[in-house]
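Shown next: work.cif, given as mmCIF, C-alpha atoms.
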data_input
loop_
_atom_site.label_atom_id
_atom_site.label_comp_id
_atom_site.auth_asym_id
_atom_site.auth_seq_id
_atom_site.Cartn_x
_atom_site.Cartn_y
_atom_site.Cartn_z
CA MET O 8 0.00 0.00 0.00
CA TRP O 9 1.36 3.37 -1.01
CA ARG O 10 2.62 5.72 1.62
CA LEU O 11 0.26 8.70 1.74
CA THR O 12 1.99 12.00 2.44
CA PHE O 13 0.57 15.37 3.41
CA TRP O 14 0.18 16.37 -0.24
CA THR O 15 -1.57 13.10 -1.07
CA TYR O 16 -4.11 13.74 1.67
CA TYR O 17 -4.53 17.29 0.39
CA LEU O 18 -5.22 15.97 -3.11
CA LEU O 19 -7.76 13.43 -1.91
CA ILE O 20 -9.60 16.06 0.11
CA ALA O 21 -9.66 18.44 -2.85
CA LEU O 22 -11.06 15.73 -5.09
CA SER O 23 -13.77 14.85 -2.60
CA LEU O 24 -14.82 18.48 -2.33
CA ALA O 25 -15.07 18.92 -6.10
CA PRO O 26 -16.48 15.67 -7.55
CA VAL O 27 -17.77 17.31 -10.73
CA GLN O 28 -14.39 18.74 -11.65
CA ARG O 29 -12.68 16.40 -14.11
CA VAL O 30 -9.37 18.24 -14.40
CA LEU O 31 -7.45 19.20 -11.29
CA ALA O 32 -5.28 22.29 -11.60
CA CYS O 33 -2.80 23.65 -9.08
CA SER O 34 -3.61 27.19 -8.04
CA CYS O 35 -1.23 29.26 -5.88
CA MET O 36 -1.70 32.65 -4.28
CA ARG O 37 0.92 35.17 -5.34
CA SER O 38 3.46 35.27 -2.51
CA HIS O 39 6.60 37.28 -1.85
CA PRO O 40 9.82 35.28 -1.25
CA GLN O 41 9.88 36.57 2.34
CA SER O 42 6.34 35.33 2.94
CA LEU O 43 7.23 31.90 1.55
CA TYR O 44 10.28 31.77 3.82
CA CYS O 45 8.30 32.72 6.91
CA LYS O 46 5.47 30.23 6.45
CA SER O 47 7.70 27.26 5.51
CA ASP O 48 9.06 24.63 7.88
CA TYR O 49 12.26 24.15 5.91
CA VAL O 50 14.33 26.47 3.66
CA ALA O 51 17.68 25.41 2.20
CA VAL O 52 20.06 25.58 -0.73
CA VAL O 53 20.34 22.13 -2.30
CA ARG O 54 21.95 20.51 -5.33
CA VAL O 55 19.83 17.86 -7.01
CA ARG O 56 21.72 14.55 -7.25
CA ASN O 57 19.02 12.38 -8.82
CA MET O 58 15.29 11.86 -9.08
CA GLU O 59 13.14 8.75 -8.90
CA GLU O 60 9.43 8.12 -9.26
CA ARG O 61 8.27 6.12 -6.26
CA ASN O 62 4.72 5.52 -7.53
CA ASP O 63 2.02 7.11 -9.68
CA VAL O 64 1.53 9.90 -7.15
CA GLN O 65 4.93 10.84 -5.75
CA LEU O 66 8.50 11.32 -6.81
CA ALA O 67 11.58 11.82 -4.69
CA TYR O 68 14.56 14.13 -5.24
CA HIS O 69 17.81 13.03 -3.64
CA VAL O 70 19.75 16.21 -2.87
CA LYS O 71 23.01 17.37 -1.36
CA VAL O 72 22.29 20.08 1.20
CA ASN O 73 24.65 23.04 0.86
CA LYS O 74 23.05 25.39 3.39
CA VAL O 75 20.04 25.32 5.69
CA PHE O 76 18.41 28.68 6.40
CA LYS O 77 15.44 27.36 8.37
CA ASP O 78 14.52 24.02 9.95
CA ARG O 79 11.79 24.05 12.57
CA THR O 80 12.76 20.56 13.76
CA SER O 81 16.41 21.38 14.45
CA VAL O 82 17.62 23.02 17.66
CA ASN O 83 21.03 23.60 16.09
CA PRO O 84 20.68 24.21 12.32
CA VAL O 85 24.47 24.20 11.91
CA ASN O 86 24.48 20.40 12.34
CA PHE O 87 22.13 19.73 9.44
CA PRO O 88 22.04 16.51 7.39
CA ARG O 89 24.22 16.78 4.30
CA ARG O 90 21.82 14.70 2.26
CA GLU O 91 18.06 14.73 2.19
CA ILE O 92 15.13 13.30 0.23
CA LEU O 93 12.58 15.86 -0.93
CA TRP O 94 9.11 14.59 -1.78
CA THR O 95 6.71 16.11 -4.29
CA MET O 96 3.77 15.14 -6.48
CA VAL O 97 4.44 13.74 -9.94
CA THR O 98 2.69 16.46 -11.99
CA ASP O 99 2.41 20.23 -11.80
CA SER O 100 -1.38 19.89 -11.94
CA MET O 101 -1.05 18.34 -8.47
CA CYS O 102 1.37 21.09 -7.39
CA GLY O 103 4.43 18.94 -8.10
CA VAL O 104 7.80 20.68 -8.44
CA VAL O 105 10.17 20.06 -11.37
CA LEU O 106 13.87 20.31 -10.47
CA ASN O 107 16.73 19.60 -12.88
CA VAL O 108 19.34 17.05 -11.86
CA GLY O 109 22.73 18.69 -11.31
CA GLU O 110 21.34 22.17 -10.62
CA THR O 111 21.34 24.08 -7.34
CA TYR O 112 18.15 25.64 -5.92
CA VAL O 113 16.87 27.45 -2.88
CA ILE O 114 13.77 25.50 -1.88
CA SER O 115 11.16 25.66 0.84
CA GLY O 116 9.09 22.81 2.15
CA MET O 117 6.72 21.56 4.81
CA ILE O 118 7.83 18.85 7.21
CA GLY O 119 5.40 16.02 7.86
CA GLN O 120 4.82 12.29 7.43
CA GLY O 121 8.51 11.66 8.05
CA GLY O 122 9.88 13.86 5.26
CA ILE O 123 10.23 17.25 3.59
CA HIS O 124 7.52 17.96 1.02
CA LEU O 125 7.78 20.45 -1.85
CA SER O 126 4.88 22.21 -3.52
CA LEU O 127 4.66 24.35 -6.64
CA CYS O 128 3.31 27.05 -4.32
CA GLY O 129 6.60 27.16 -2.36
CA LEU O 130 10.14 28.30 -3.14
CA HIS O 131 12.08 26.57 -5.92
CA MET O 132 14.46 29.18 -7.38
CA ARG O 133 17.78 28.54 -9.09
CA TRP O 134 20.35 29.81 -6.60
CA SER O 135 22.44 31.36 -9.38
CA GLU O 136 19.47 33.58 -10.30
CA VAL O 137 18.71 34.81 -6.77
CA PRO O 138 19.71 38.50 -6.45
CA PRO O 139 22.21 39.48 -3.72
CA ARG O 140 19.54 41.35 -1.76
CA GLN O 141 17.32 38.26 -1.61
CA ARG O 142 20.31 36.16 -0.57
CA LYS O 143 20.75 38.51 2.40
CA GLY O 144 17.08 37.94 3.12
CA PHE O 145 17.48 34.16 3.21
CA ARG O 146 20.57 34.48 5.38
CA GLY O 147 18.72 36.28 8.16
CA LEU O 148 16.78 39.40 7.19
CA PHE O 149 13.64 37.50 6.14
CA HIS O 150 13.58 35.84 9.57
CA ARG O 151 13.72 39.23 11.26
CA GLY O 152 10.73 40.36 9.23
CA CYS O 153 8.43 37.41 9.92
CA ALA O 154 6.43 39.50 12.40
CA CYS O 155 5.29 41.60 9.41
CA ASP O 156 2.80 40.68 6.71
CA ILE O 157 3.53 41.30 3.01
CA HIS O 158 0.22 41.90 1.28
CA TYR O 159 -0.06 41.71 -2.52
CA THR O 160 -2.18 44.73 -3.41
CA PRO O 161 -3.77 45.92 -6.68
CA TRP O 162 -2.39 49.42 -7.20
CA TRP O 163 -5.85 51.01 -7.26
CA ARG O 164 -6.59 49.67 -3.76
CA LYS O 165 -3.37 50.86 -2.12
CA GLY O 166 -5.05 53.65 -0.16
CA GLU O 167 -7.72 51.31 1.20
CA HIS O 168 -5.17 48.75 2.37
CA LEU O 169 -2.96 51.41 3.95
CA GLU O 170 -5.95 52.71 5.89
CA HIS O 171 -7.03 49.32 7.23
CA GLY O 172 -3.71 47.47 7.38
CA GLY O 173 -2.49 48.77 10.71
CA ARG O 174 1.26 48.97 11.17
CA LYS O 175 2.12 45.30 10.61
CA ARG O 176 1.89 45.23 6.83
CA CYS O 177 4.04 46.05 3.80
CA LEU O 178 2.09 46.57 0.58
CA TRP O 179 3.45 44.72 -2.45
CA GLU O 180 1.94 46.85 -5.20
CA SER O 181 0.85 45.43 -8.54
CA GLU O 182 1.95 47.06 -11.77
CA PRO O 183 2.10 49.92 -12.60
CA GLY O 184 3.24 50.08 -8.99
CA PRO O 185 6.83 49.06 -8.04
CA LEU O 186 6.04 45.32 -8.01
CA HIS O 187 9.43 44.26 -9.42
CA CYS O 188 11.43 46.43 -7.01
CA GLN O 189 9.55 45.15 -3.98
CA GLU O 190 9.75 41.52 -5.08
CA THR O 191 13.42 41.50 -6.10
CA TYR O 192 14.98 43.92 -3.60
CA GLY O 193 12.32 44.45 -0.93
CA ILE O 194 12.62 43.14 2.63
CA CYS O 195 9.82 44.04 5.01
CA LEU O 196 11.07 44.79 8.54
CA ALA O 197 9.46 46.06 11.72
CA SER O 198 10.49 49.41 13.20
CA PRO O 199 9.10 51.64 15.97
CA GLY O 200 6.85 53.25 13.36
CA GLY O 201 5.54 49.92 12.07
CA CYS O 202 6.45 47.53 9.25
CA SER O 203 7.97 49.01 6.10
CA TRP O 204 10.26 48.15 3.18
CA ALA O 205 13.83 48.39 4.46
CA PRO O 206 15.97 50.82 2.47
CA SER O 207 19.00 49.57 0.57
CA VAL O 208 21.09 51.01 -2.25
CA ARG O 209 19.67 48.68 -4.91
CA TYR O 210 16.10 49.00 -3.68
CA ASN O 211 16.30 52.79 -3.65
CA VAL O 212 17.82 52.85 -7.16
CA CYS O 213 15.09 50.53 -8.47
CA ILE O 214 12.32 52.69 -6.97
CA LYS O 215 13.86 55.85 -8.46
CA GLU O 216 14.13 54.23 -11.91
CA HIS O 217 10.54 53.03 -11.63
CA GLN O 218 9.30 56.50 -10.75
CA GLN O 219 11.17 58.02 -13.69
CA LYS O 220 9.62 55.52 -16.11
CA ARG O 221 6.17 56.22 -14.70
CA GLU O 222 6.64 59.95 -15.21
CA GLN O 223 7.76 59.39 -18.80
CA GLN O 224 4.71 57.19 -19.44
CA ARG O 225 2.37 59.84 -18.01
CA LEU O 226 3.84 62.48 -20.32
CA LEU O 227 3.06 60.26 -23.31
CA GLU O 228 -0.52 59.63 -22.26
CA PRO O 229 -3.20 61.65 -24.15
#

As a first step, turn the structure in this file into structure tokens.
Amino acid sequence: MWRLTFWTYYLLIALSLAPVQRVLACSCMRSHPQSLYCKSDYVAVVRVRNMEERNDVQLAYHVKVNKVFKDRTSVNPVNFPRREILWTMVTDSMCGVVLNVGETYVISGMIGQGGIHLSLCGLHMRWSEVPPRQRKGFRGLFHRGCACDIHYTPWWRKGEHLEHGGRKRCLWESEPGPLHCQETYGICLASPGGCSWAPSVRYNVCIKEHQQKREQQRLLEP
């Protein structure tokens, strides 16, 4: 009998709640990298050694662990296992994650049923493509900001969310707002005045460039 993991149970529950739906599709809420870090049990940089399909539902990635940023089960994360098995579903329609053998990723997962489970809705970024500011986030700044909430906000509702969001929220503004700047260089941290995007050289430059482009676009509008 197959070993049912957390994600298998999730799939079975979803199917039972939607019996008329013939095609199951994975749907994920848009989440900032900091939010994914904060809500995950496990965050690490890993190199994929090999992959094997265990059954029709699950596959397993055997990885070499280069660095652990977060492990809720470990009192001392310095003494982490050098090798792990990461479990995921076999297809992206079931929120399965596709990783390439030989490549290095920063991943996040949930710990349960005796293993680490990956979902398409979590982190699975090539480490070589992670900007330096985000790397600083994974190395400690994201953890410091977990008391704050990063809220994806349509630009036309910014005022409403600012008014009702209290002081524990950073607004991640949709385009034509500075979405890219806040996603790539933004780290939301708490201060005496409340939660806000922490300034940095690259973040400030990106915001300035964004504002200049917006002004140029407005001048061209009829």

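Distances to Cys202 in chain O were evaluated for O:Leu178, O:Gly184, O:Lys74, O:Ser81 using only C-alpha atoms, and the minimum falls at O:Leu178.
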
Nearest residue to Gly152 in chain O out of O:His217, O:Lys175, O:Arg225, O:Arg90, using all atoms listed in the file? O:Lys175

Please measure the separation of CA of Asp156 in chain O and CA of His124 in chain O, giving the value in Å to one decimal.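 If I compute the distance from CA of Asp156 in chain O to CA of His124 in chain O, I get 23.9 Å.
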
Have a look at CA of Cys35 in chain O and CA of His131 in chain O and let me know their distance in Å, one decimal. 13.6 Å

Would you mind reading off the distance between CA of Trp179 in chain O and CA of Tyr159 in chain O, one decimal, in Å?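 Result for CA of Trp179 in chain O versus CA of Tyr159 in chain O: 4.6 Å, one decimal.
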
Which residue, O:Cys128, O:Ile118, O:Ile194, O:Val105, has the smallest gap to Gly147 in chain O when you use only C-alpha atoms? O:Ile194

When distances are computed from all atoms listed in the file, which of O:Glu180, O:Trp163, O:Gln219, O:Gln189 shows the smallest separation from Pro206 in chain O?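 Among O:Glu180, O:Trp163, O:Gln219, O:Gln189, it is O:Gln189 that comes nearest to Pro206 in chain O.
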
Residue rebuild result range 186-197 of chain O, all heavy atoms as a PDB file, in the coordinates of the input:
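result-v5.pdb, freshly written:
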ATOM      1  N   LEU O 186       6.106  46.749  -8.319  1.00  0.00           N
ATOM      2  CA  LEU O 186       6.040  45.320  -8.010  1.00  0.00           C
ATOM      3  C   LEU O 186       7.416  44.665  -8.098  1.00  0.00           C
ATOM      4  O   LEU O 186       7.833  43.932  -7.204  1.00  0.00           O
ATOM      5  CB  LEU O 186       5.044  44.636  -8.937  1.00  0.00           C
ATOM      6  CG  LEU O 186       4.843  43.124  -8.769  1.00  0.00           C
ATOM      7  CD1 LEU O 186       3.377  42.765  -9.015  1.00  0.00           C
ATOM      8  CD2 LEU O 186       5.717  42.328  -9.722  1.00  0.00           C
ATOM      9  N   HIS O 187       8.122  44.910  -9.205  1.00  0.00           N
ATOM     10  CA  HIS O 187       9.430  44.260  -9.420  1.00  0.00           C
ATOM     11  C   HIS O 187      10.429  44.673  -8.346  1.00  0.00           C
ATOM     12  O   HIS O 187      11.171  43.826  -7.819  1.00  0.00           O
ATOM     13  CB  HIS O 187       9.968  44.624 -10.803  1.00  0.00           C
ATOM     14  CG  HIS O 187      11.400  44.255 -11.004  1.00  0.00           C
ATOM     15  ND1 HIS O 187      11.830  42.956 -11.158  1.00  0.00           N
ATOM     16  CD2 HIS O 187      12.533  45.029 -11.056  1.00  0.00           C
ATOM     17  CE1 HIS O 187      13.148  42.926 -11.306  1.00  0.00           C
ATOM     18  NE2 HIS O 187      13.590  44.168 -11.246  1.00  0.00           N
ATOM     19  N   CYS O 188      10.473  45.949  -8.018  1.00  0.00           N
ATOM     20  CA  CYS O 188      11.430  46.430  -7.010  1.00  0.00           C
ATOM     21  C   CYS O 188      11.172  45.771  -5.661  1.00  0.00           C
ATOM     22  O   CYS O 188      12.103  45.342  -4.968  1.00  0.00           O
ATOM     23  CB  CYS O 188      11.333  47.948  -6.868  1.00  0.00           C
ATOM     24  SG  CYS O 188      11.671  48.888  -8.376  1.00  0.00           S
ATOM     25  N   GLN O 189       9.896  45.699  -5.281  1.00  0.00           N
ATOM     26  CA  GLN O 189       9.550  45.150  -3.980  1.00  0.00           C
ATOM     27  C   GLN O 189       9.759  43.638  -3.926  1.00  0.00           C
ATOM     28  O   GLN O 189      10.113  43.087  -2.890  1.00  0.00           O
ATOM     29  CB  GLN O 189       8.111  45.523  -3.636  1.00  0.00           C
ATOM     30  CG  GLN O 189       7.941  47.023  -3.423  1.00  0.00           C
ATOM     31  CD  GLN O 189       6.498  47.469  -3.395  1.00  0.00           C
ATOM     32  OE1 GLN O 189       5.607  46.772  -3.868  1.00  0.00           O
ATOM     33  NE2 GLN O 189       6.256  48.651  -2.843  1.00  0.00           N
ATOM     34  N   GLU O 190       9.549  42.964  -5.049  1.00  0.00           N
ATOM     35  CA  GLU O 190       9.750  41.520  -5.080  1.00  0.00           C
ATOM     36  C   GLU O 190      11.227  41.158  -5.084  1.00  0.00           C
ATOM     37  O   GLU O 190      11.662  40.245  -4.375  1.00  0.00           O
ATOM     38  CB  GLU O 190       9.088  40.921  -6.320  1.00  0.00           C
ATOM     39  CG  GLU O 190       9.304  39.422  -6.458  1.00  0.00           C
ATOM     40  CD  GLU O 190       8.601  38.829  -7.664  1.00  0.00           C
ATOM     41  OE1 GLU O 190       8.188  39.591  -8.551  1.00  0.00           O
ATOM     42  OE2 GLU O 190       8.460  37.602  -7.715  1.00  0.00           O
ATOM     43  N   THR O 191      12.022  41.866  -5.881  1.00  0.00           N
ATOM     44  CA  THR O 191      13.420  41.500  -6.100  1.00  0.00           C
ATOM     45  C   THR O 191      14.353  42.056  -5.032  1.00  0.00           C
ATOM     46  O   THR O 191      15.319  41.395  -4.637  1.00  0.00           O
ATOM     47  CB  THR O 191      13.876  41.989  -7.486  1.00  0.00           C
ATOM     48  OG1 THR O 191      12.949  41.529  -8.476  1.00  0.00           O
ATOM     49  CG2 THR O 191      15.266  41.467  -7.822  1.00  0.00           C
ATOM     50  N   TYR O 192      14.067  43.256  -4.544  1.00  0.00           N
ATOM     51  CA  TYR O 192      14.980  43.920  -3.600  1.00  0.00           C
ATOM     52  C   TYR O 192      14.328  44.266  -2.270  1.00  0.00           C
ATOM     53  O   TYR O 192      15.002  44.755  -1.373  1.00  0.00           O
ATOM     54  CB  TYR O 192      15.527  45.203  -4.233  1.00  0.00           C
ATOM     55  CG  TYR O 192      16.136  44.992  -5.598  1.00  0.00           C
ATOM     56  CD1 TYR O 192      15.509  45.464  -6.754  1.00  0.00           C
ATOM     57  CD2 TYR O 192      17.336  44.291  -5.751  1.00  0.00           C
ATOM     58  CE1 TYR O 192      16.059  45.261  -8.012  1.00  0.00           C
ATOM     59  CE2 TYR O 192      17.888  44.086  -7.003  1.00  0.00           C
ATOM     60  CZ  TYR O 192      17.242  44.570  -8.133  1.00  0.00           C
ATOM     61  OH  TYR O 192      17.783  44.355  -9.379  1.00  0.00           O
ATOM     62  N   GLY O 193      13.031  44.034  -2.129  1.00  0.00           N
ATOM     63  CA  GLY O 193      12.320  44.450  -0.930  1.00  0.00           C
ATOM     64  C   GLY O 193      12.395  43.441   0.201  1.00  0.00           C
ATOM     65  O   GLY O 193      12.184  42.245  -0.006  1.00  0.00           O
ATOM     66  N   ILE O 194      12.686  43.934   1.402  1.00  0.00           N
ATOM     67  CA  ILE O 194      12.620  43.140   2.630  1.00  0.00           C
ATOM     68  C   ILE O 194      11.806  43.954   3.623  1.00  0.00           C
ATOM     69  O   ILE O 194      12.124  45.106   3.909  1.00  0.00           O
ATOM     70  CB  ILE O 194      14.025  42.841   3.180  1.00  0.00           C
ATOM     71  CG1 ILE O 194      14.813  41.979   2.183  1.00  0.00           C
ATOM     72  CG2 ILE O 194      13.934  42.138   4.530  1.00  0.00           C
ATOM     73  CD1 ILE O 194      16.250  41.710   2.596  1.00  0.00           C
ATOM     74  N   CYS O 195      10.751  43.351   4.112  1.00  0.00           N
ATOM     75  CA  CYS O 195       9.820  44.040   5.010  1.00  0.00           C
ATOM     76  C   CYS O 195      10.261  43.809   6.455  1.00  0.00           C
ATOM     77  O   CYS O 195      10.295  42.663   6.918  1.00  0.00           O
ATOM     78  CB  CYS O 195       8.403  43.532   4.780  1.00  0.00           C
ATOM     79  SG  CYS O 195       7.147  44.329   5.805  1.00  0.00           S
ATOM     80  N   LEU O 196      10.586  44.893   7.163  1.00  0.00           N
ATOM     81  CA  LEU O 196      11.070  44.790   8.540  1.00  0.00           C
ATOM     82  C   LEU O 196      10.248  45.674   9.459  1.00  0.00           C
ATOM     83  O   LEU O 196       9.703  46.698   9.040  1.00  0.00           O
ATOM     84  CB  LEU O 196      12.545  45.189   8.622  1.00  0.00           C
ATOM     85  CG  LEU O 196      13.551  44.327   7.845  1.00  0.00           C
ATOM     86  CD1 LEU O 196      14.949  44.901   8.000  1.00  0.00           C
ATOM     87  CD2 LEU O 196      13.509  42.877   8.326  1.00  0.00           C
ATOM     88  N   ALA O 197      10.180  45.282  10.721  1.00  0.00           N
ATOM     89  CA  ALA O 197       9.460  46.060  11.720  1.00  0.00           C
ATOM     90  C   ALA O 197      10.375  47.146  12.286  1.00  0.00           C
ATOM     91  O   ALA O 197      11.583  46.955  12.442  1.00  0.00           O
ATOM     92  CB  ALA O 197       8.973  45.151  12.842  1.00  0.00           C
TER      93      ALA O 197
END
